[in-house]
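Have a look at input27.cif; it's mmCIF, C-alpha atoms:
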```
data_query
#
loop_
_atom_site.group_PDB
_atom_site.id
_atom_site.type_symbol
_atom_site.label_atom_id
_atom_site.label_comp_id
_atom_site.auth_asym_id
_atom_site.auth_seq_id
_atom_site.Cartn_x
_atom_site.Cartn_y
_atom_site.Cartn_z
ATOM 1 C CA MET O 5 0.000 0.000 0.000
ATOM 2 C CA ASN O 6 1.336 3.439 -0.843
ATOM 3 C CA VAL O 7 1.341 6.630 1.232
ATOM 4 C CA VAL O 8 -1.722 8.072 -0.527
ATOM 5 C CA GLY O 9 -3.723 4.917 0.171
ATOM 6 C CA ILE O 10 -2.792 4.999 3.844
ATOM 7 C CA ALA O 11 -3.681 8.711 4.066
ATOM 8 C CA VAL O 12 -7.092 8.048 2.480
ATOM 9 C CA LEU O 13 -7.717 5.155 4.866
ATOM 10 C CA VAL O 14 -6.766 7.205 7.945
ATOM 11 C CA GLY O 15 -8.873 10.159 6.743
ATOM 12 C CA THR O 16 -11.888 7.918 6.144
ATOM 13 C CA LEU O 17 -11.571 6.335 9.576
ATOM 14 C CA ALA O 18 -11.244 9.758 11.231
ATOM 15 C CA LEU O 19 -14.327 11.086 9.413
ATOM 16 C CA ALA O 20 -16.360 7.992 10.292
ATOM 17 C CA THR O 21 -15.353 8.358 13.947
ATOM 18 C CA VAL O 22 -16.417 12.022 14.049
ATOM 19 C CA VAL O 23 -19.762 11.254 12.380
ATOM 20 C CA GLY O 24 -20.357 8.372 14.820
ATOM 21 C CA LEU O 25 -19.602 10.558 17.831
ATOM 22 C CA VAL O 26 -21.933 13.321 16.604
ATOM 23 C CA LEU O 27 -24.771 10.851 16.004
ATOM 24 C CA ARG O 28 -24.212 9.265 19.405
ATOM 25 C CA ALA O 29 -24.341 12.667 21.128
ATOM 26 C CA ARG O 30 -27.649 13.487 19.395
ATOM 27 C CA ASP O 31 -29.227 10.105 20.109
ATOM 28 C CA GLY O 32 -32.135 10.406 22.542
ATOM 29 C CA ARG O 33 -32.174 14.212 22.643
ATOM 30 C CA VAL O 34 -35.394 16.147 22.122
ATOM 31 C CA ARG O 35 -35.368 18.434 19.100
ATOM 32 C CA ALA O 36 -38.041 21.098 19.439
ATOM 33 C CA GLY O 37 -39.623 23.259 16.819
ATOM 34 C CA GLY O 38 -40.959 20.718 14.353
ATOM 35 C CA THR O 39 -43.739 21.593 11.944
ATOM 36 C CA ALA O 40 -45.720 18.334 11.772
ATOM 37 C CA SER O 41 -49.409 18.341 12.542
ATOM 38 C CA GLY O 42 -52.258 15.870 12.737
ATOM 39 C CA GLY O 43 -50.500 13.570 15.187
ATOM 40 C CA TRP O 44 -53.640 12.119 16.743
ATOM 41 C CA ALA O 45 -55.077 11.299 13.309
ATOM 42 C CA LEU O 46 -51.801 9.608 12.319
ATOM 43 C CA ALA O 47 -52.020 7.524 15.505
ATOM 44 C CA GLY O 48 -55.554 6.528 14.565
ATOM 45 C CA ALA O 49 -57.208 7.819 17.742
ATOM 46 C CA PRO O 50 -58.467 11.258 18.771
ATOM 47 C CA PRO O 51 -57.555 12.560 22.217
ATOM 48 C CA ALA O 52 -59.912 11.389 24.939
ATOM 49 C CA GLY O 53 -60.935 13.146 28.130
ATOM 50 C CA ASP O 54 -57.851 14.625 29.775
ATOM 51 C CA ASP O 55 -55.312 13.536 27.119
ATOM 52 C CA ARG O 56 -52.870 16.442 26.658
ATOM 53 C CA VAL O 57 -49.828 14.965 24.907
ATOM 54 C CA LEU O 58 -49.389 12.157 22.387
ATOM 55 C CA LEU O 59 -46.036 10.377 22.174
ATOM 56 C CA LEU O 60 -46.190 8.768 18.728
ATOM 57 C CA GLN O 61 -43.421 6.177 18.424
ATOM 58 C CA LEU O 62 -42.404 4.982 14.965
ATOM 59 C CA SER O 63 -40.824 1.541 15.198
ATOM 60 C CA SER O 64 -39.815 -1.390 13.053
ATOM 61 C CA PRO O 65 -40.057 -5.106 13.838
ATOM 62 C CA VAL O 66 -36.289 -5.747 13.871
ATOM 63 C CA CYS O 67 -35.338 -2.716 15.965
ATOM 64 C CA ALA O 68 -33.956 -3.567 19.434
ATOM 65 C CA PRO O 69 -33.893 0.082 20.633
ATOM 66 C CA CYS O 70 -37.578 0.304 19.638
ATOM 67 C CA ARG O 71 -38.496 -2.208 22.345
ATOM 68 C CA GLN O 72 -36.490 -0.248 24.920
ATOM 69 C CA THR O 73 -38.143 2.992 23.801
ATOM 70 C CA ALA O 74 -41.602 1.413 24.078
ATOM 71 C CA GLY O 75 -40.832 0.418 27.668
ATOM 72 C CA VAL O 76 -39.564 3.881 28.595
ATOM 73 C CA LEU O 77 -42.567 5.628 27.046
ATOM 74 C CA GLY O 78 -45.027 3.089 28.456
ATOM 75 C CA ARG O 79 -43.763 3.721 31.979
ATOM 76 C CA LEU O 80 -43.765 7.501 31.429
ATOM 77 C CA SER O 81 -47.356 7.521 30.155
ATOM 78 C CA ALA O 82 -48.505 5.222 32.993
ATOM 79 C CA ARG O 83 -47.204 7.570 35.678
ATOM 80 C CA THR O 84 -47.940 10.906 33.959
ATOM 81 C CA PRO O 85 -51.603 11.906 33.660
ATOM 82 C CA GLY O 86 -52.451 13.373 30.271
ATOM 83 C CA VAL O 87 -49.667 11.569 28.362
ATOM 84 C CA VAL O 88 -50.620 8.924 25.803
ATOM 85 C CA HIS O 89 -48.147 6.590 24.086
ATOM 86 C CA ARG O 90 -48.987 5.019 20.717
ATOM 87 C CA GLU O 91 -46.618 2.899 18.652
ATOM 88 C CA VAL O 92 -46.783 2.660 14.857
ATOM 89 C CA ASP O 93 -44.939 -0.044 12.926
ATOM 90 C CA VAL O 94 -43.436 1.656 9.865
ATOM 91 C CA ALA O 95 -43.430 -1.669 8.018
ATOM 92 C CA ASP O 96 -47.240 -1.677 8.241
ATOM 93 C CA ARG O 97 -47.731 2.105 7.992
ATOM 94 C CA PRO O 98 -44.983 3.640 5.811
ATOM 95 C CA ASP O 99 -47.357 6.537 5.099
ATOM 96 C CA VAL O 100 -46.929 7.776 8.684
ATOM 97 C CA ALA O 101 -43.121 7.761 8.408
ATOM 98 C CA ARG O 102 -43.344 9.567 5.074
ATOM 99 C CA GLU O 103 -45.798 12.157 6.428
ATOM 100 C CA LEU O 104 -43.531 12.921 9.394
ATOM 101 C CA GLY O 105 -40.247 12.751 7.448
ATOM 102 C CA VAL O 106 -38.899 9.959 9.664
ATOM 103 C CA MET O 107 -35.787 8.223 8.339
ATOM 104 C CA ARG O 108 -34.842 5.950 11.272
ATOM 105 C CA THR O 109 -36.398 3.992 14.065
ATOM 106 C CA PRO O 110 -37.091 4.500 16.824
ATOM 107 C CA THR O 111 -38.306 8.044 16.382
ATOM 108 C CA VAL O 112 -40.788 9.579 18.779
ATOM 109 C CA VAL O 113 -42.803 12.647 17.839
ATOM 110 C CA ALA O 114 -44.629 14.462 20.649
ATOM 111 C CA PHE O 115 -47.882 16.236 19.781
ATOM 112 C CA ASP O 116 -50.107 18.528 21.844
ATOM 113 C CA ARG O 117 -53.864 18.022 22.151
ATOM 114 C CA ALA O 118 -54.448 19.997 18.931
ATOM 115 C CA GLY O 119 -52.093 17.664 17.056
ATOM 116 C CA THR O 120 -49.231 20.148 16.674
ATOM 117 C CA GLU O 121 -45.672 18.861 17.036
ATOM 118 C CA LEU O 122 -43.924 19.714 20.302
ATOM 119 C CA GLY O 123 -40.655 17.925 19.533
ATOM 120 C CA ARG O 124 -39.074 14.713 18.291
ATOM 121 C CA ILE O 125 -36.486 12.234 19.451
ATOM 122 C CA SER O 126 -34.437 9.759 17.456
ATOM 123 C CA GLY O 127 -33.193 6.867 19.535
ATOM 124 C CA VAL O 128 -34.089 5.934 23.098
ATOM 125 C CA PRO O 129 -35.447 9.068 24.842
ATOM 126 C CA ARG O 130 -33.689 10.783 27.702
ATOM 127 C CA VAL O 131 -36.608 10.798 30.121
ATOM 128 C CA ALA O 132 -35.693 13.901 32.152
ATOM 129 C CA GLU O 133 -35.237 15.956 28.989
ATOM 130 C CA LEU O 134 -38.532 14.694 27.540
ATOM 131 C CA GLU O 135 -40.399 15.456 30.764
ATOM 132 C CA ALA O 136 -38.996 18.998 30.754
ATOM 133 C CA VAL O 137 -40.257 19.573 27.199
ATOM 134 C CA LEU O 138 -43.707 18.168 28.002
ATOM 135 C CA ALA O 139 -44.151 19.985 31.346
ATOM 136 C CA PRO O 140 -45.427 23.314 29.941
ATOM 137 C CA GLU O 141 -48.073 21.498 27.915
ATOM 138 C CA LEU O 142 -49.139 19.334 30.856
ATOM 139 C CA ASP O 143 -49.296 22.344 33.209
ATOM 140 C CA ARG O 144 -51.777 24.243 31.014
ATOM 141 C CA THR O 145 -55.290 24.454 32.369
#
```
Take the structure from the file and write it as structure tokens.
Amino acid sequence: MNVVGIAVLVGTLALATVVGLVLRARDGRVRAGGTASGGWALAGAPPAGDDRVLLLQLSSPVCAPCRQTAGVLGRLSARTPGVVHREVDVADRPDVARELGVMRTPTVVAFDRAGTELGRISGVPRVAELEAVLAPELDRT
């Protein structure tokens, strides 16, 4: 192997490492300010009674982090009044992923009662950060 080949290899490995570290740092973080709407309709159920927030999880059948995310969101919705968790399998409902611009699973999109996006998370959610984003919506009277 010549010097140019080694330089290209080292450069490629360095770039891949940086990209991996950036993606890892973003994994599970809430990104606010999305523009999606109609979340309850996409989930196939309108809000009932005191439902304030919908956590719409887009998953795939072969996704191990999707199962972990479902557990985290299930526990959060069970202990937090007004929070509803619905899971959509993108293999069965690719239209939902397309509508929301989702490119990986798990992705969770949080919607308010009107169906407007509050934020989204790719990867397993960081619960404290998610709770902080949802708190203003849950505190409204």
| said: I need the output of the PyMOL selection byres ((chain O and resi 56-67) around 7) for this file as a ChimeraX atom specification; which residues are they? | reply: /O:47,54-55,68-70,86-95,109-117,142
| request: Could you please determine the separation between atom CA of Ala74 of chain O and atom CA of Glu135 of chain O in Å, to one decimal place? | output: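 Taking atom CA of Ala74 of chain O as the start and atom CA of Glu135 of chain O as the end point, the length is 15.6 Å.
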| Long-range neighbours of segment 119-121 of chain O as number ranges by chain, 6 Å cut-off, all atoms listed in the file, 4 positions minimum in chain | O: 38, 40-44, 114-115
| query | Between O:Thr84, O:Gly127, O:Leu17, O:Asp96, which has the minimum distance to Arg108 of chain O (counting all atoms listed in the file)? | reply |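 Between O:Thr84, O:Gly127, O:Leu17, O:Asp96, the residue approaching Arg108 of chain O most closely is O:Gly127.
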| Computed interatomic separation between atom CA of Arg130 of chain O and atom CA of Ala18 of chain O (Å) | 27.9 Å
| request: Run through the PyMOL selection byres ((chain O and resi 133) around 12) on the given coordinates and return the selected residues as a PyMOL selection string. | output: chain O and resi 32-36+123-125+128-132+134-139
| said: What's the separation between atom CA of Ala118 of chain O and atom CA of Leu104 of chain O, in Å to one decimal place? | reply: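 Computing the Euclidean distance for atom CA of Ala118 of chain O and atom CA of Leu104 of chain O yields 16.1 Å.
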| query | From the list O:Thr21, O:Thr39, O:Asn6, O:Ser81, which residue is nearest Gly105 of chain O when using all atoms listed in the file? | reply |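 So, comparing all the options, the nearest one is O:Thr39.
Distance annotation: of O:Leu19, O:Thr73, O:Arg144, O:Pro85, the residue with the minimal separation from Gly53 of chain O is O:Pro85; atom set is all atoms listed in the file.
Distances from O:Leu122, O:Val100, O:Leu80, O:Leu13 to Pro140 of chain O were compared using all atoms listed in the file, and the smallest one belongs to O:Leu122.
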